[in-house]
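Chemist: I am attaching a structure below and will ask some questions about it afterwards.
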Amino acid sequence: GSGYVAALRSVPAADLDAVGVGALPVTPAEPIAGGEVQMVDGKPRLLYIGAEYCSFCGYTRWPLTIALERFGDFSGLAPGQAPSNAGMIPTVSYKDATYTSDYLVFKPYELKDAQGKDIQKLSPEDEAISKDHGMQGYPWLYWGTHTSGTPFTNAFLQGGYVAGETGDAVAAKLADTSSPEAQAILGAANVTTAQICALTGDQPGDVCSAPGVV
């Protein structure tokens with residue numbers, strides 16, 4: 001089923017607050033010396049570069065999507081699967097997704113499909129950003145002030161409980177805030193939310209002042 005795509009867009013704030021940072025040994029974003037937030041139409045811009053075949057991207061899109069839904073709304077998110085040694089990872093694809101927000105511009109790329117074929121191309125500006133700031137693999141996020149690679153995969157890789165599952169099964173486990181899935185995915189979503197709040201000037205206030213946002 002693909003019900004989990006809708007579930008990612010409507011995780012209750014109370015569940016996120018109950019988890020906080022969760023079980024994550026968080027790898028923080030790397031600061032850019034002299035880096036400045038990119039502004040587009042008066043809003044800060046977050047750039048995501050990934051690929052559909054990339055297992056780390058498959059994991060990362062869970063917390064990233066949950067966090068971004070607190071600042072705006074996706075349309076066109078498609079269910080997807082990323083291959084890994086432990087089995088297929090249920091995920092979403094940003095290829096045809098549109099993100100609308102009063103607080104943030106989110107620009108995602110999925111450069112290759114699950115078979116490794118080229119499906120999207122970076123704009124010249126974003127290609128220059130990725131080269132100037134040392135992108136080495138997928139996923140890669142550019143925050144203007146920071147870059148981040150795969151900050152949220154440790155808990156998944158240690159738990160090994162997403163690969164081989166259905167997306168709906170994983171989403172159902174998010175409702176149990178003590179589950180390893182919720183501790184990892186919602187914990188990472190809260191950490192990501194805090195990073196986005198640093199871009200938006202802590203707006204919206206109810207999200208950025210939530211007890212789980214750390």
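The way I read the labels, and the way they are meant: chains A, B, ... in the order of the structure tokens, residue 1 as the first residue of every chain, and ligand 1 as the first ligand shown, with later ones counted on from there.
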Quick one: residues within 10 Å of region 136-141 of chain A, only C-alpha atoms counted, chain neighbours fewer than 5 positions away excluded, as a PyMOL selection string?

Modeler: chain A and resi 29+46-61+107-111+130-131+146-151

Chemist: A:Tyr94, A:Phe106, A:Phe71, A:Trp62: which is nearest Ala182 (chain A), counting only C-alpha atoms?

Modeler: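 Once distances to Ala182 (chain A) are computed over only C-alpha atoms, the minimum belongs to A:Trp62.
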
Chemist: List the neighbours of Val37 (chain A) out to 12 Å using only C-alpha atoms; skip same-chain residues closer than 3 positions along the sequence, and give me the result as a list in words.

Modeler: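 Listed by chain and then number, they are Pro31, Ile32, Gly34, Val40, Gly42, Lys43, Pro44, Arg45, Leu46, Leu47, Leu104, Val105, Tyr142, Trp143, Gly144, Thr145, His146, Thr147, Gln195, Ile196, Ala198, Leu199, Thr200 and Gly201 of chain A.
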
Chemist: Here is a test: counting only C-alpha atoms, which residue of A:Val19, A:Val11, A:Val5, A:Met135 is nearest to Ser179 (chain A)?

Modeler: A:Val19

Chemist: Determine which residues of region 3-207 of chain A receive a DSSP assignment of alpha helix (DSSP H), computed from the backbone, and state them as an NGL selection string.

Modeler: :A and (3-8 or 13-19 or 55-68 or 124-132 or 154-159 or 167-174 or 180-200 or 205-207)

Chemist: Would you mind writing down, as an MDAnalysis selection string, each residue of region 23-195 of chain A that DSSP on the backbone assigns to strand (DSSP E)?

Modeler: chainID A and resid 30:31 39:40 43:50 72:75 78:82 89:93 98:101 105:110 140:142 146:148

Chemist: Tell me which of A:Asp15, A:Asp202, A:Asp126, A:Asp168 sits closest to Gln38 (chain A), counting only C-alpha atoms.

Modeler: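 Checking each candidate against Gln38 (chain A), we get A:Asp126 as the closest.
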
Chemist: Would you kindly return, as an MDAnalysis selection string, each protein, DNA or RNA residue with an atom no farther than 12 Å from any atom of region 209-213 of chain A, considering only C-alpha atoms and excluding same-chain residues fewer than 5 positions away?

Modeler: chainID A and resid 12:22 67 70 183 186:198 201:204

Chemist: Please indicate the distance in Å from CA of Gly167 (chain A) to CA of Thr91 (chain A), rounded to one decimal place.

Modeler: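 That distance, rounded to one decimal, is 6.8 Å.
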